[in-house]
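Asker: Let me give you the structure first, and then I'll get to my questions.
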Amino acid sequence: MNCLKKQGKLKDKKEDSDTDSNRKEDIETISVEVGSFCLTARAVKLEKIHAIQDYKSQMMRKEEEEIFYSPEKMEERNGVVHTVDEEEKKRLVHMRSIVENQDPTCKDTDDLTLRRFLRARDLDVEKASAMFMKYFKWRRKFVPKGFISTSEVTNQLEPKKVCLQGTDKRGCPVSVLFGARHFPCKGGMDELNRFIVFVLDKLCSRIPDGQEKLTIIADLQGYGYSNSDFRGYLAIFTILQDYYPERLGKMLIIHSPYIFMTLWKIIHPFIDENTRKKIIFVETKKLQATLLEEIDKSQLPEIYGGKLQLVPIQDA
C-alpha cells in the first residue's frame with residue numbers, strides 16, 4: 001500500500017516536472033518570439049529613420065543647389081537658349097493681332113518687346129497678350145512722359161545705392177546694388193516705385209543690339225535690421241517680372257547676412273519661378289570665381305578685384 005502511494009507521488013512529481021519543463025520551454029519560445037518581434041520592430045523603425053534622414057538630406061541638397069552658386073553649374077542655370085522658330089513666329093503674329101485689336105496704338109511696339117512677353121508666358125498667346133496689355137496700360141499711366149526724371153527720385157538717388165558698372169561677358173550692362181544703403185522710410189513707396197523704373201529703364205537703354213538681358217550684383221555687406229524692407233523688395237520683383245519680363249539675366253546676391261536670409265524665406269514664394277531661377281546666392285569663398293565667370297576683370301568694380309571705379313547710376 002505504502003509502495004503504491006510512493007509510486008503515485010513519484011508519478012505526480014514527474015508530471016509536475018514535465019509540466020514545469022513544458023512551461024519553461026513555452027516561456028522561452030514566447031521570449032524568443034517577443035525578442036524577434038522587438039528586433040523586427042526596431043529594424044522597421046530604423047529603416048523609417050534612415051528614410052527620413054535620406055529625404056531631409058536630399059531636400060537640403062536641393063535647397064542648396066537652388067540657393068547657392070557653384071561655377072560648374074553655371075551653364076545648367078543659364079536655362080534653355082531661345083531660338084526663333086516658325087511656331088514662335090506664328091504665335092507672335094497672332095499675339096500682335098490680339099493686342100492691336102484691343103488697342104491700335106500697340107502697333108508701335110516692336111516684335112522684340114512682344115516676344116519677351118510671349119516667352120515669359122511659355123508661348124501661351126492668350127496669357128502673353130493679357131500680360132502685355134496690363135504692362136501697356138500701366139506704362140501709360142505710371143510713366144506718362146515716357147521716362148522718370150532724376151527730380152522725381154531725389155531721395156532714392158541721394159545714398160548712391162545703385163551703380164552702373166561696365167558690361168558682362170555677353171556685352172550686357174552690369175549694375176551693383178548696395179542693400180545697406182537702402183532705408184525703407186526715405187521717400188516712401190511711390191518714390192521707390194519710380195526709382196525702380198528709373199533704374200530698369202536706364203539699364204535697358206544700355207543693352208546692346210542682339211542682347212536682351214542685364215546682370216545685377218546685389219551686395220548686402222553691412223546689411224542690418226534698419227535696411228529690411230519687405231514691401232520694397234516685393235515691389236522690385238513685381239515690377240521686374242510683370243513689366244520687364246525676360247530682362248534679368250542673373251542676379252548675384254553676395255555677402256548675404258542671416259537677417260536677410262530670414263526675410264528671403266518670406267519673399268521667396270511671391271517671386272515667379274522663372275525669376276527665381278535667375279537669382280543666385282553666392283558663397284563668400286566662391287565670390288571672385290563667380291564674378292569672374294560672368295564679368296571680365298576689366299569690367300569688374302575695384303571693390304571686387306576688378307579695375308573699374310564705382311559710378312552712381314545718376315552719373316553714368
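Ligands are numbered from 1 in the order shown, residues from 1 within each chain, and chains are lettered A, B, ... in the order they appear in the C-alpha cells.
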Among range 75-289 of chain A, which ones does DSSP assign to strand (DSSP E) (computed from the backbone)? Answer as number ranges by chain.

Answerer: A: 162-167, 173-178, 214-219, 248-254, 279-281

Asker: Which residues come within 7 Å of range 150-165 of chain A, counting only C-alpha atoms, excluding same-chain residues fewer than 4 positions away, as a ChimeraX atom specification?

Answerer: /A:174-178,181-182,186-187,191-192,194-195,301,310-313,316

Asker: Let me see the file: selected residues, N, CA and C atoms, as a compact mmCIF listing (two decimals), in the first residue's frame.

Answerer:
```
# COMPACT_ATOMS: atom_id res chain seq x y z
N VAL A 174 25.96 95.82 -66.44
CA VAL A 174 26.05 95.29 -65.07
C VAL A 174 25.72 96.41 -64.10
N SER A 175 24.88 96.10 -63.13
CA SER A 175 24.52 97.07 -62.10
C SER A 175 24.86 96.50 -60.73
N VAL A 176 25.31 97.36 -59.82
CA VAL A 176 25.60 96.94 -58.45
C VAL A 176 24.65 97.66 -57.50
N LEU A 177 23.93 96.89 -56.70
CA LEU A 177 23.00 97.45 -55.71
C LEU A 177 23.59 97.24 -54.32
N PHE A 178 23.56 98.27 -53.49
CA PHE A 178 24.08 98.17 -52.12
C PHE A 178 22.91 98.19 -51.13
N ARG A 181 22.61 100.56 -48.04
CA ARG A 181 22.36 102.00 -48.27
C ARG A 181 20.88 102.29 -48.48
N HIS A 182 20.06 101.25 -48.39
CA HIS A 182 18.62 101.44 -48.57
C HIS A 182 17.92 101.50 -47.22
N LYS A 186 12.64 106.37 -46.34
CA LYS A 186 13.09 107.54 -47.09
C LYS A 186 12.43 107.62 -48.46
N GLY A 187 11.55 108.62 -48.64
CA GLY A 187 10.90 108.82 -49.94
C GLY A 187 9.57 108.13 -50.09
N GLU A 191 7.84 106.91 -54.39
CA GLU A 191 9.13 107.30 -54.95
C GLU A 191 10.00 106.07 -55.21
N LEU A 192 9.91 105.06 -54.35
CA LEU A 192 10.69 103.84 -54.55
C LEU A 192 10.26 103.16 -55.86
N ARG A 194 9.00 104.61 -58.48
CA ARG A 194 9.54 105.42 -59.58
C ARG A 194 11.03 105.16 -59.75
N PHE A 195 11.72 105.00 -58.62
CA PHE A 195 13.16 104.75 -58.67
C PHE A 195 13.47 103.40 -59.33
N PRO A 301 34.10 96.04 -60.84
CA PRO A 301 34.47 97.12 -59.93
C PRO A 301 35.71 96.77 -59.08
N LEU A 310 33.49 102.65 -58.94
CA LEU A 310 32.04 102.66 -58.84
C LEU A 310 31.47 103.98 -59.38
N VAL A 311 30.42 103.89 -60.18
CA VAL A 311 29.78 105.08 -60.75
C VAL A 311 28.30 105.05 -60.41
N PRO A 312 27.81 105.98 -59.57
CA PRO A 312 26.37 106.03 -59.25
C PRO A 312 25.56 106.13 -60.53
N ILE A 313 24.40 105.50 -60.54
CA ILE A 313 23.61 105.42 -61.76
C ILE A 313 23.20 106.78 -62.31
N ALA A 316 26.05 107.98 -64.47
CA ALA A 316 26.53 107.10 -65.55
C ALA A 316 26.06 107.59 -66.91
```

Asker: In Å, how far is it from CA of Arg140 in chain A to CA of Asp111 in chain A?

Answerer: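 CA of Asp111 in chain A lies at a distance of 18.9 Å from CA of Arg140 in chain A.
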
Asker: I'd like the neighbourhood of range 260-266 of chain A as a short mmCIF file (atom, residue, chain, number, x, y, z; two decimals) with N, CA and C atoms, in the first residue's frame, where a residue qualifies if any of its atoms comes within 12 Å (using only C-alpha atoms), though same-chain residues fewer than 3 positions away should be ignored.

Answerer:
```cif
data_model
loop_
_atom_site.label_atom_id
_atom_site.label_comp_id
_atom_site.auth_asym_id
_atom_site.auth_seq_id
_atom_site.Cartn_x
_atom_site.Cartn_y
_atom_site.Cartn_z
N GLU A 63 17.84 72.38 -51.85
CA GLU A 63 17.75 73.78 -51.45
C GLU A 63 19.07 74.50 -51.66
N ILE A 67 19.82 77.71 -53.99
CA ILE A 67 20.24 78.98 -53.41
C ILE A 67 21.67 79.34 -53.74
N GLY A 179 22.61 97.01 -50.60
CA GLY A 179 21.47 96.88 -49.70
C GLY A 179 21.58 97.67 -48.41
N ALA A 180 22.80 97.87 -47.92
CA ALA A 180 23.00 98.59 -46.66
C ALA A 180 22.76 100.09 -46.81
N ALA A 218 23.80 92.21 -56.24
CA ALA A 218 23.19 92.78 -55.03
C ALA A 218 24.12 92.53 -53.86
N ASP A 219 24.80 93.57 -53.41
CA ASP A 219 25.79 93.47 -52.33
C ASP A 219 25.15 93.83 -51.00
N LEU A 220 25.11 92.87 -50.07
CA LEU A 220 24.46 93.09 -48.77
C LEU A 220 25.47 93.23 -47.63
N GLN A 221 26.68 93.61 -47.97
CA GLN A 221 27.70 93.85 -46.94
C GLN A 221 27.23 94.97 -46.01
N GLY A 222 27.23 94.72 -44.68
CA GLY A 222 26.81 95.73 -43.71
C GLY A 222 25.30 95.84 -43.55
N TYR A 223 24.56 94.95 -44.20
CA TYR A 223 23.09 94.98 -44.14
C TYR A 223 22.61 94.66 -42.73
N GLY A 224 21.60 95.43 -42.26
CA GLY A 224 21.08 95.21 -40.92
C GLY A 224 19.57 95.34 -40.87
N TYR A 225 19.02 95.30 -39.68
CA TYR A 225 17.58 95.34 -39.48
C TYR A 225 16.97 96.61 -40.07
N SER A 226 17.65 97.76 -39.94
CA SER A 226 17.11 99.04 -40.43
C SER A 226 17.00 99.08 -41.95
N ASN A 227 17.69 98.16 -42.63
CA ASN A 227 17.64 98.12 -44.10
C ASN A 227 16.56 97.18 -44.62
N SER A 228 15.98 96.38 -43.73
CA SER A 228 14.96 95.40 -44.14
C SER A 228 13.71 96.11 -44.64
N ASP A 229 13.22 95.67 -45.79
CA ASP A 229 12.07 96.34 -46.40
C ASP A 229 11.28 95.34 -47.24
N PHE A 230 10.39 94.60 -46.60
CA PHE A 230 9.62 93.57 -47.29
C PHE A 230 8.82 94.15 -48.45
N ARG A 231 8.10 95.24 -48.20
CA ARG A 231 7.28 95.86 -49.24
C ARG A 231 8.14 96.36 -50.40
N GLY A 232 9.29 96.91 -50.07
CA GLY A 232 10.19 97.42 -51.10
C GLY A 232 10.73 96.32 -51.99
N TYR A 233 11.17 95.22 -51.38
CA TYR A 233 11.72 94.09 -52.16
C TYR A 233 10.64 93.45 -53.02
N LEU A 234 9.44 93.38 -52.46
CA LEU A 234 8.33 92.80 -53.22
C LEU A 234 8.02 93.67 -54.44
N ILE A 253 23.47 87.59 -55.56
CA ILE A 253 23.37 88.18 -54.23
C ILE A 253 24.59 87.77 -53.42
N ILE A 254 25.37 88.77 -52.97
CA ILE A 254 26.62 88.48 -52.27
C ILE A 254 26.61 89.07 -50.86
N HIS A 255 27.43 88.49 -49.99
CA HIS A 255 27.57 88.93 -48.59
C HIS A 255 26.21 88.96 -47.88
N SER A 256 25.38 87.96 -48.13
CA SER A 256 24.03 87.95 -47.53
C SER A 256 24.09 87.51 -46.07
N PRO A 257 23.62 88.35 -45.14
CA PRO A 257 23.63 88.01 -43.71
C PRO A 257 22.42 87.17 -43.33
N PRO A 269 8.31 82.94 -51.89
CA PRO A 269 7.11 82.39 -52.54
C PRO A 269 6.39 83.37 -53.46
N PHE A 270 6.62 84.67 -53.29
CA PHE A 270 5.95 85.68 -54.11
C PHE A 270 6.64 85.91 -55.45
N ILE A 271 7.80 85.32 -55.64
CA ILE A 271 8.57 85.55 -56.86
C ILE A 271 8.27 84.45 -57.87
N ARG A 276 12.96 83.32 -60.10
CA ARG A 276 13.73 82.70 -59.00
C ARG A 276 14.95 81.95 -59.52
N ILE A 279 18.09 84.04 -59.78
CA ILE A 279 18.62 84.66 -58.56
C ILE A 279 19.54 83.67 -57.86
N PHE A 281 22.43 83.05 -54.79
CA PHE A 281 23.17 83.47 -53.60
C PHE A 281 24.59 82.91 -53.71
#
```

Asker: At a cut-off of 7 Å, using only C-alpha atoms, what residues contact range 248-252 of chain A? Leave out same-chain residues fewer than 5 positions from it and give the result as a list in words.

Answerer: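 Residues near the query, excluding close chain neighbours: Lys213, Leu214, Thr215, Ile216, Ile217, Ala218, Lys278, Ile279, Ile280, Phe281 and Val282 of chain A.
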
Asker: Rounded to one decimal in Å, what is the spacing between CA of Met189 in chain A and CA of Tyr244 in chain A?

Answerer: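 Going from CA of Met189 in chain A over to CA of Tyr244 in chain A, I get 19.0 Å.
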